[in-house]
Amino acid sequence: MTITADERPAYGHDDLPGLMSLMTGDEKHGPAATSTLDVLWVLYDRVLRVTPERRDDPGRDRFLLSKGHGPMAYYAVLAAKGFMPVDWLPGFASYDSPLGHHPDRVLVPGAEISSGSLGHGLPIAVGTALGLRAQGLHDPAVWVLIGDAELDEGSNHEAIAFAGPSGLERLHTVVVDNSSASHALPGGIAARFEAACWSAVTVDGRDHEALYAAFTAPHPGRPHVVVARVEAKNA
């Protein structure tokens, strides 16, 4: 279901906690989802070139949610931006709701992938960027949101190692760093990406202006990662 611009109520960042509060139930991973809320809002409000009306446009930007405990915030932002009705939110994770604990691309308007398995999203984002380039679509940007704990998964390191030397300039990764990883990365998360020829920036994950500047920083010829540091929460 797509809501037209004329039908959409206006929601802002301050409305997001209220929208999230509509979603109840067990295993909703509220703290971990909340750690992504500012990142998601800045992306959808100021950066991503995608709207409900353009969600099937080949020239749209692609956003892939990989962080397994992030769907509550994702659904709240999608509802705020008119991709789906707000009245879907109270049914979160119920038997007949399209809004599961992990998003289903067939059921959730605006969701590019069905996700939830840690370490899944970044490799898909690499493949998406490669596919767009192979089709001659050089304008769309590909964004993927991962959690710091996902960097324990080897599939991500293979994707990082491939994307840098491949010069996937339209690939962007946001790592929400809430200190939930079990393995330390020498030099920090950004250093791992930089070693593989990525452009990397580390910022306060609650500072909207810092996030926007990091998201829009030029990175010619290289993929780009933004490490968004937030308060430590269980992911």
# chains A, B, ... in the order shown; residues from 1 in each chain; ligands from 1
>>> residues_around(residues="Arg222 (chain A)", least_positions_apart="2", cutoff="7 Å", atoms="only C-alpha atoms", output="PyMOL selection string")
chain A and resi 164+167-169+197-199+219-220+224
>>> select_by_dssp(residues="region 48-116 of chain A", states="strand (DSSP E)", output="PyMOL selection string")
chain A and resi 62-65
>>> closest_atom_pairs(of="region 154-181 of chain A", to="region 39-50 of chain A", cutoff="12 Å", atoms="only C-alpha atoms", output="CSV")
residue,atom,partner,partner_atom,distance
A:His172,CA,A:Leu48,CA,11.3
A:Thr173,CA,A:Val39,CA,11.4
A:Val174,CA,A:Val39,CA,8.2
A:Val175,CA,A:Val39,CA,9.6
A:Val176,CA,A:Val39,CA,8.2
A:Asp177,CA,A:Val39,CA,11.4
>>> write_last_selection(atoms="N, CA and C atoms", output="short mmCIF file (atom, residue, chain, number, x, y, z; two decimals), in the first residue's frame")
data_model
loop_
_atom_site.label_atom_id
_atom_site.label_comp_id
_atom_site.auth_asym_id
_atom_site.auth_seq_id
_atom_site.Cartn_x
_atom_site.Cartn_y
_atom_site.Cartn_z
N HIS A 172 27.65 2.58 0.28
CA HIS A 172 27.80 3.26 1.56
C HIS A 172 27.35 2.33 2.68
N THR A 173 28.16 2.25 3.73
CA THR A 173 27.81 1.43 4.88
C THR A 173 27.76 2.31 6.12
N VAL A 174 26.74 2.10 6.94
CA VAL A 174 26.68 2.76 8.24
C VAL A 174 26.79 1.67 9.31
N VAL A 175 27.78 1.80 10.16
CA VAL A 175 27.95 0.87 11.28
C VAL A 175 27.50 1.58 12.55
N VAL A 176 26.44 1.08 13.17
CA VAL A 176 26.01 1.63 14.46
C VAL A 176 26.84 0.93 15.54
N ASP A 177 27.71 1.70 16.15
CA ASP A 177 28.65 1.16 17.15
C ASP A 177 28.12 1.46 18.54
#
>>> closest_residue(among="A:Gly18, A:Pro223, A:Gly205, A:Pro165", to="Leu37 (chain A)", atoms="only C-alpha atoms")
A:Gly205
>>> atom_distance(atom1="CA of Glu153 (chain A)", atom2="CA of Gly121 (chain A)")
11.2 Å
>>> residues_around(residues="Met23 (chain A)", least_positions_apart="6", cutoff="8 Å", atoms="only C-alpha atoms", output="PyMOL selection string")
chain A and resi 72+89-92
>>> residues_around(residues="Ala195 (chain A)", least_positions_apart="4", cutoff="12 Å", atoms="only C-alpha atoms", output="PyMOL selection string")
chain A and resi 157+160-165+185-191+199-200
>>> residues_around(residues="Leu118 (chain A)", least_positions_apart="6", cutoff="7 Å", atoms="only C-alpha atoms", output="MDAnalysis selection string")
chainID A and resid 66:68 150
>>> residues_around(residues="Leu65 (chain A)", least_positions_apart="5", cutoff="7 Å", atoms="only C-alpha atoms", output="list in words")
Ser115, Gly121, Val144 and Leu145 of chain A
>>> atom_distance(atom1="CA of His101 (chain A)", atom2="CA of Ser114 (chain A)")
10.9 Å
>>> select_by_dssp(residues="region 83-231 of chain A", states="helix (DSSP H, G or I)", output="ChimeraX atom specification")
/A:86-91,121-134,148-152,154-163,189-194,208-215
>>> write_last_selection(atoms="C-alpha atoms", output="PDB file, in the first residue's frame")
ATOM      1  CA  VAL A  86       0.862   4.316  10.929  1.00  0.00           C
ATOM      2  CA  ASP A  87      -2.018   2.101  11.979  1.00  0.00           C
ATOM      3  CA  TRP A  88       0.055  -0.934  10.975  1.00  0.00           C
ATOM      4  CA  LEU A  89       2.461  -0.280  13.851  1.00  0.00           C
ATOM      5  CA  PRO A  90       0.346  -1.567  16.787  1.00  0.00           C
ATOM      6  CA  GLY A  91       0.160  -4.969  15.097  1.00  0.00           C
ATOM      7  CA  GLY A 121      23.253  -7.272   4.415  1.00  0.00           C
ATOM      8  CA  LEU A 122      26.687  -5.970   3.434  1.00  0.00           C
ATOM      9  CA  PRO A 123      27.396  -8.792   0.953  1.00  0.00           C
ATOM     10  CA  ILE A 124      23.961  -8.170  -0.607  1.00  0.00           C
ATOM     11  CA  ALA A 125      24.747  -4.445  -0.787  1.00  0.00           C
ATOM     12  CA  VAL A 126      28.017  -5.223  -2.580  1.00  0.00           C
ATOM     13  CA  GLY A 127      26.119  -7.368  -5.077  1.00  0.00           C
ATOM     14  CA  THR A 128      23.497  -4.643  -5.520  1.00  0.00           C
ATOM     15  CA  ALA A 129      26.155  -2.023  -6.244  1.00  0.00           C
ATOM     16  CA  LEU A 130      27.855  -4.360  -8.708  1.00  0.00           C
ATOM     17  CA  GLY A 131      24.547  -5.113 -10.412  1.00  0.00           C
ATOM     18  CA  LEU A 132      23.652  -1.451 -10.789  1.00  0.00           C
ATOM     19  CA  ARG A 133      27.071  -0.705 -12.227  1.00  0.00           C
ATOM     20  CA  ALA A 134      26.772  -3.596 -14.674  1.00  0.00           C
ATOM     21  CA  ASP A 148      29.026  -3.449  15.243  1.00  0.00           C
ATOM     22  CA  ALA A 149      28.382  -7.015  16.417  1.00  0.00           C
ATOM     23  CA  GLU A 150      27.839  -8.044  12.803  1.00  0.00           C
ATOM     24  CA  LEU A 151      31.524  -7.439  12.202  1.00  0.00           C
ATOM     25  CA  ASP A 152      32.117 -10.679  14.090  1.00  0.00           C
ATOM     26  CA  GLY A 154      33.332 -13.396   8.339  1.00  0.00           C
ATOM     27  CA  SER A 155      30.967 -12.681   5.452  1.00  0.00           C
ATOM     28  CA  ASN A 156      31.243  -8.975   6.214  1.00  0.00           C
ATOM     29  CA  HIS A 157      35.023  -9.018   6.095  1.00  0.00           C
ATOM     30  CA  GLU A 158      34.947 -10.733   2.718  1.00  0.00           C
ATOM     31  CA  ALA A 159      32.559  -8.047   1.458  1.00  0.00           C
ATOM     32  CA  ILE A 160      34.745  -5.263   2.874  1.00  0.00           C
ATOM     33  CA  ALA A 161      37.856  -6.741   1.294  1.00  0.00           C
ATOM     34  CA  PHE A 162      36.167  -7.056  -2.099  1.00  0.00           C
ATOM     35  CA  ALA A 163      34.375  -3.712  -2.272  1.00  0.00           C
ATOM     36  CA  ILE A 189      36.071  -0.127  13.319  1.00  0.00           C
ATOM     37  CA  ALA A 190      36.999   2.562  10.790  1.00  0.00           C
ATOM     38  CA  ALA A 191      40.569   1.249  10.558  1.00  0.00           C
ATOM     39  CA  ARG A 192      39.319  -2.131   9.334  1.00  0.00           C
ATOM     40  CA  PHE A 193      37.550  -0.486   6.410  1.00  0.00           C
ATOM     41  CA  GLU A 194      40.413   1.911   5.673  1.00  0.00           C
ATOM     42  CA  HIS A 208      22.252  14.971  13.097  1.00  0.00           C
ATOM     43  CA  GLU A 209      24.512  17.582  11.546  1.00  0.00           C
ATOM     44  CA  ALA A 210      27.607  15.433  12.040  1.00  0.00           C
ATOM     45  CA  LEU A 211      25.775  12.456  10.554  1.00  0.00           C
ATOM     46  CA  TYR A 212      24.630  14.471   7.543  1.00  0.00           C
ATOM     47  CA  ALA A 213      28.142  15.792   6.911  1.00  0.00           C
ATOM     48  CA  ALA A 214      29.566  12.267   7.148  1.00  0.00           C
ATOM     49  CA  PHE A 215      26.870  10.787   4.904  1.00  0.00           C
TER      50      PHE A 215
END
>>> residues_around(residues="Glu231 (chain A)", least_positions_apart="6", cutoff="12 Å", atoms="only C-alpha atoms", output="ChimeraX atom specification")
/A:31-32,34-36,176-180,204-206
>>> decode(residues="region 184-218 of chain A", atoms="N, CA, C and O atoms", output="PDB file, in the first residue's frame")
ATOM      1  N   ALA A 184      37.391  -7.239  19.667  1.00  0.00           N
ATOM      2  CA  ALA A 184      37.913  -5.900  19.426  1.00  0.00           C
ATOM      3  C   ALA A 184      38.561  -5.829  18.051  1.00  0.00           C
ATOM      4  O   ALA A 184      39.084  -6.812  17.530  1.00  0.00           O
ATOM      5  N   LEU A 185      38.511  -4.643  17.455  1.00  0.00           N
ATOM      6  CA  LEU A 185      39.159  -4.398  16.165  1.00  0.00           C
ATOM      7  C   LEU A 185      40.303  -3.422  16.396  1.00  0.00           C
ATOM      8  O   LEU A 185      40.062  -2.272  16.773  1.00  0.00           O
ATOM      9  N   PRO A 186      41.561  -3.850  16.213  1.00  0.00           N
ATOM     10  CA  PRO A 186      42.691  -2.945  16.459  1.00  0.00           C
ATOM     11  C   PRO A 186      42.563  -1.661  15.644  1.00  0.00           C
ATOM     12  O   PRO A 186      42.321  -1.696  14.442  1.00  0.00           O
ATOM     13  N   GLY A 187      42.666  -0.520  16.328  1.00  0.00           N
ATOM     14  CA  GLY A 187      42.539   0.753  15.643  1.00  0.00           C
ATOM     15  C   GLY A 187      41.112   1.216  15.494  1.00  0.00           C
ATOM     16  O   GLY A 187      40.866   2.299  14.976  1.00  0.00           O
ATOM     17  N   GLY A 188      40.163   0.410  15.937  1.00  0.00           N
ATOM     18  CA  GLY A 188      38.765   0.787  15.822  1.00  0.00           C
ATOM     19  C   GLY A 188      38.140   0.265  14.539  1.00  0.00           C
ATOM     20  O   GLY A 188      38.814  -0.242  13.639  1.00  0.00           O
ATOM     21  N   ILE A 189      36.813   0.407  14.459  1.00  0.00           N
ATOM     22  CA  ILE A 189      36.071  -0.127  13.319  1.00  0.00           C
ATOM     23  C   ILE A 189      36.497   0.536  12.016  1.00  0.00           C
ATOM     24  O   ILE A 189      36.701  -0.136  10.992  1.00  0.00           O
ATOM     25  N   ALA A 190      36.657   1.856  12.026  1.00  0.00           N
ATOM     26  CA  ALA A 190      36.999   2.562  10.790  1.00  0.00           C
ATOM     27  C   ALA A 190      38.303   2.051  10.196  1.00  0.00           C
ATOM     28  O   ALA A 190      38.453   1.964   8.971  1.00  0.00           O
ATOM     29  N   ALA A 191      39.268   1.700  11.047  1.00  0.00           N
ATOM     30  CA  ALA A 191      40.569   1.249  10.558  1.00  0.00           C
ATOM     31  C   ALA A 191      40.450  -0.031   9.735  1.00  0.00           C
ATOM     32  O   ALA A 191      41.212  -0.234   8.783  1.00  0.00           O
ATOM     33  N   ARG A 192      39.502  -0.885  10.096  1.00  0.00           N
ATOM     34  CA  ARG A 192      39.319  -2.131   9.334  1.00  0.00           C
ATOM     35  C   ARG A 192      38.890  -1.821   7.906  1.00  0.00           C
ATOM     36  O   ARG A 192      39.374  -2.436   6.950  1.00  0.00           O
ATOM     37  N   PHE A 193      38.004  -0.865   7.737  1.00  0.00           N
ATOM     38  CA  PHE A 193      37.550  -0.486   6.410  1.00  0.00           C
ATOM     39  C   PHE A 193      38.651   0.250   5.647  1.00  0.00           C
ATOM     40  O   PHE A 193      38.872   0.005   4.455  1.00  0.00           O
ATOM     41  N   GLU A 194      39.353   1.145   6.333  1.00  0.00           N
ATOM     42  CA  GLU A 194      40.413   1.911   5.673  1.00  0.00           C
ATOM     43  C   GLU A 194      41.507   0.999   5.136  1.00  0.00           C
ATOM     44  O   GLU A 194      42.078   1.269   4.069  1.00  0.00           O
ATOM     45  N   ALA A 195      41.791  -0.084   5.854  1.00  0.00           N
ATOM     46  CA  ALA A 195      42.807  -1.028   5.388  1.00  0.00           C
ATOM     47  C   ALA A 195      42.414  -1.698   4.087  1.00  0.00           C
ATOM     48  O   ALA A 195      43.277  -2.194   3.347  1.00  0.00           O
ATOM     49  N   ALA A 196      41.109  -1.692   3.778  1.00  0.00           N
ATOM     50  CA  ALA A 196      40.612  -2.291   2.533  1.00  0.00           C
ATOM     51  C   ALA A 196      40.250  -1.225   1.506  1.00  0.00           C
ATOM     52  O   ALA A 196      39.444  -1.476   0.609  1.00  0.00           O
ATOM     53  N   CYS A 197      40.842  -0.041   1.641  1.00  0.00           N
ATOM     54  CA  CYS A 197      40.693   1.031   0.637  1.00  0.00           C
ATOM     55  C   CYS A 197      39.336   1.713   0.661  1.00  0.00           C
ATOM     56  O   CYS A 197      38.892   2.253  -0.362  1.00  0.00           O
ATOM     57  N   TRP A 198      38.666   1.711   1.785  1.00  0.00           N
ATOM     58  CA  TRP A 198      37.421   2.442   1.932  1.00  0.00           C
ATOM     59  C   TRP A 198      37.702   3.851   2.462  1.00  0.00           C
ATOM     60  O   TRP A 198      38.681   4.084   3.175  1.00  0.00           O
ATOM     61  N   SER A 199      36.823   4.781   2.162  1.00  0.00           N
ATOM     62  CA  SER A 199      36.752   6.059   2.848  1.00  0.00           C
ATOM     63  C   SER A 199      35.986   5.828   4.144  1.00  0.00           C
ATOM     64  O   SER A 199      34.977   5.125   4.154  1.00  0.00           O
ATOM     65  N   ALA A 200      36.471   6.413   5.258  1.00  0.00           N
ATOM     66  CA  ALA A 200      35.846   6.140   6.550  1.00  0.00           C
ATOM     67  C   ALA A 200      35.771   7.395   7.405  1.00  0.00           C
ATOM     68  O   ALA A 200      36.713   8.190   7.441  1.00  0.00           O
ATOM     69  N   VAL A 201      34.631   7.556   8.101  1.00  0.00           N
ATOM     70  CA  VAL A 201      34.421   8.667   9.027  1.00  0.00           C
ATOM     71  C   VAL A 201      33.751   8.100  10.278  1.00  0.00           C
ATOM     72  O   VAL A 201      32.847   7.265  10.174  1.00  0.00           O
ATOM     73  N   THR A 202      34.196   8.548  11.457  1.00  0.00           N
ATOM     74  CA  THR A 202      33.576   8.159  12.722  1.00  0.00           C
ATOM     75  C   THR A 202      32.943   9.397  13.351  1.00  0.00           C
ATOM     76  O   THR A 202      33.596  10.440  13.471  1.00  0.00           O
ATOM     77  N   VAL A 203      31.654   9.286  13.735  1.00  0.00           N
ATOM     78  CA  VAL A 203      30.933  10.444  14.263  1.00  0.00           C
ATOM     79  C   VAL A 203      30.056  10.042  15.441  1.00  0.00           C
ATOM     80  O   VAL A 203      29.834   8.857  15.700  1.00  0.00           O
ATOM     81  N   ASP A 204      29.537  11.053  16.126  1.00  0.00           N
ATOM     82  CA  ASP A 204      28.520  10.871  17.161  1.00  0.00           C
ATOM     83  C   ASP A 204      27.216  10.472  16.473  1.00  0.00           C
ATOM     84  O   ASP A 204      26.665  11.228  15.665  1.00  0.00           O
ATOM     85  N   GLY A 205      26.725   9.286  16.794  1.00  0.00           N
ATOM     86  CA  GLY A 205      25.537   8.766  16.136  1.00  0.00           C
ATOM     87  C   GLY A 205      24.239   9.420  16.545  1.00  0.00           C
ATOM     88  O   GLY A 205      23.168   9.031  16.052  1.00  0.00           O
ATOM     89  N   ARG A 206      24.280  10.418  17.436  1.00  0.00           N
ATOM     90  CA  ARG A 206      23.089  11.173  17.809  1.00  0.00           C
ATOM     91  C   ARG A 206      23.110  12.590  17.244  1.00  0.00           C
ATOM     92  O   ARG A 206      22.108  13.299  17.342  1.00  0.00           O
ATOM     93  N   ASP A 207      24.223  13.010  16.679  1.00  0.00           N
ATOM     94  CA  ASP A 207      24.403  14.368  16.178  1.00  0.00           C
ATOM     95  C   ASP A 207      23.972  14.431  14.712  1.00  0.00           C
ATOM     96  O   ASP A 207      24.682  13.959  13.826  1.00  0.00           O
ATOM     97  N   HIS A 208      22.811  15.000  14.447  1.00  0.00           N
ATOM     98  CA  HIS A 208      22.252  14.971  13.097  1.00  0.00           C
ATOM     99  C   HIS A 208      23.119  15.715  12.091  1.00  0.00           C
ATOM    100  O   HIS A 208      23.267  15.275  10.946  1.00  0.00           O
ATOM    101  N   GLU A 209      23.688  16.835  12.487  1.00  0.00           N
ATOM    102  CA  GLU A 209      24.512  17.582  11.546  1.00  0.00           C
ATOM    103  C   GLU A 209      25.805  16.837  11.237  1.00  0.00           C
ATOM    104  O   GLU A 209      26.274  16.824  10.098  1.00  0.00           O
ATOM    105  N   ALA A 210      26.391  16.218  12.267  1.00  0.00           N
ATOM    106  CA  ALA A 210      27.607  15.433  12.040  1.00  0.00           C
ATOM    107  C   ALA A 210      27.304  14.222  11.166  1.00  0.00           C
ATOM    108  O   ALA A 210      28.110  13.863  10.286  1.00  0.00           O
ATOM    109  N   LEU A 211      26.158  13.587  11.393  1.00  0.00           N
ATOM    110  CA  LEU A 211      25.775  12.456  10.554  1.00  0.00           C
ATOM    111  C   LEU A 211      25.585  12.895   9.103  1.00  0.00           C
ATOM    112  O   LEU A 211      26.086  12.241   8.169  1.00  0.00           O
ATOM    113  N   TYR A 212      24.883  13.999   8.904  1.00  0.00           N
ATOM    114  CA  TYR A 212      24.630  14.471   7.543  1.00  0.00           C
ATOM    115  C   TYR A 212      25.944  14.796   6.829  1.00  0.00           C
ATOM    116  O   TYR A 212      26.138  14.429   5.663  1.00  0.00           O
ATOM    117  N   ALA A 213      26.854  15.460   7.524  1.00  0.00           N
ATOM    118  CA  ALA A 213      28.142  15.792   6.911  1.00  0.00           C
ATOM    119  C   ALA A 213      28.912  14.519   6.550  1.00  0.00           C
ATOM    120  O   ALA A 213      29.534  14.438   5.474  1.00  0.00           O
ATOM    121  N   ALA A 214      28.871  13.523   7.427  1.00  0.00           N
ATOM    122  CA  ALA A 214      29.566  12.267   7.148  1.00  0.00           C
ATOM    123  C   ALA A 214      28.913  11.508   6.001  1.00  0.00           C
ATOM    124  O   ALA A 214      29.601  10.930   5.145  1.00  0.00           O
ATOM    125  N   PHE A 215      27.580  11.504   5.966  1.00  0.00           N
ATOM    126  CA  PHE A 215      26.870  10.787   4.904  1.00  0.00           C
ATOM    127  C   PHE A 215      27.139  11.398   3.527  1.00  0.00           C
ATOM    128  O   PHE A 215      27.119  10.694   2.520  1.00  0.00           O
ATOM    129  N   THR A 216      27.336  12.690   3.483  1.00  0.00           N
ATOM    130  CA  THR A 216      27.470  13.385   2.199  1.00  0.00           C
ATOM    131  C   THR A 216      28.920  13.728   1.869  1.00  0.00           C
ATOM    132  O   THR A 216      29.179  14.428   0.892  1.00  0.00           O
ATOM    133  N   ALA A 217      29.866  13.250   2.651  1.00  0.00           N
ATOM    134  CA  ALA A 217      31.281  13.532   2.380  1.00  0.00           C
ATOM    135  C   ALA A 217      31.697  12.896   1.060  1.00  0.00           C
ATOM    136  O   ALA A 217      31.324  11.753   0.759  1.00  0.00           O
ATOM    137  N   PRO A 218      32.469  13.599   0.230  1.00  0.00           N
ATOM    138  CA  PRO A 218      32.918  13.021  -1.043  1.00  0.00           C
ATOM    139  C   PRO A 218      33.914  11.886  -0.815  1.00  0.00           C
ATOM    140  O   PRO A 218      34.720  11.932   0.113  1.00  0.00           O
TER     141      PRO A 218
END
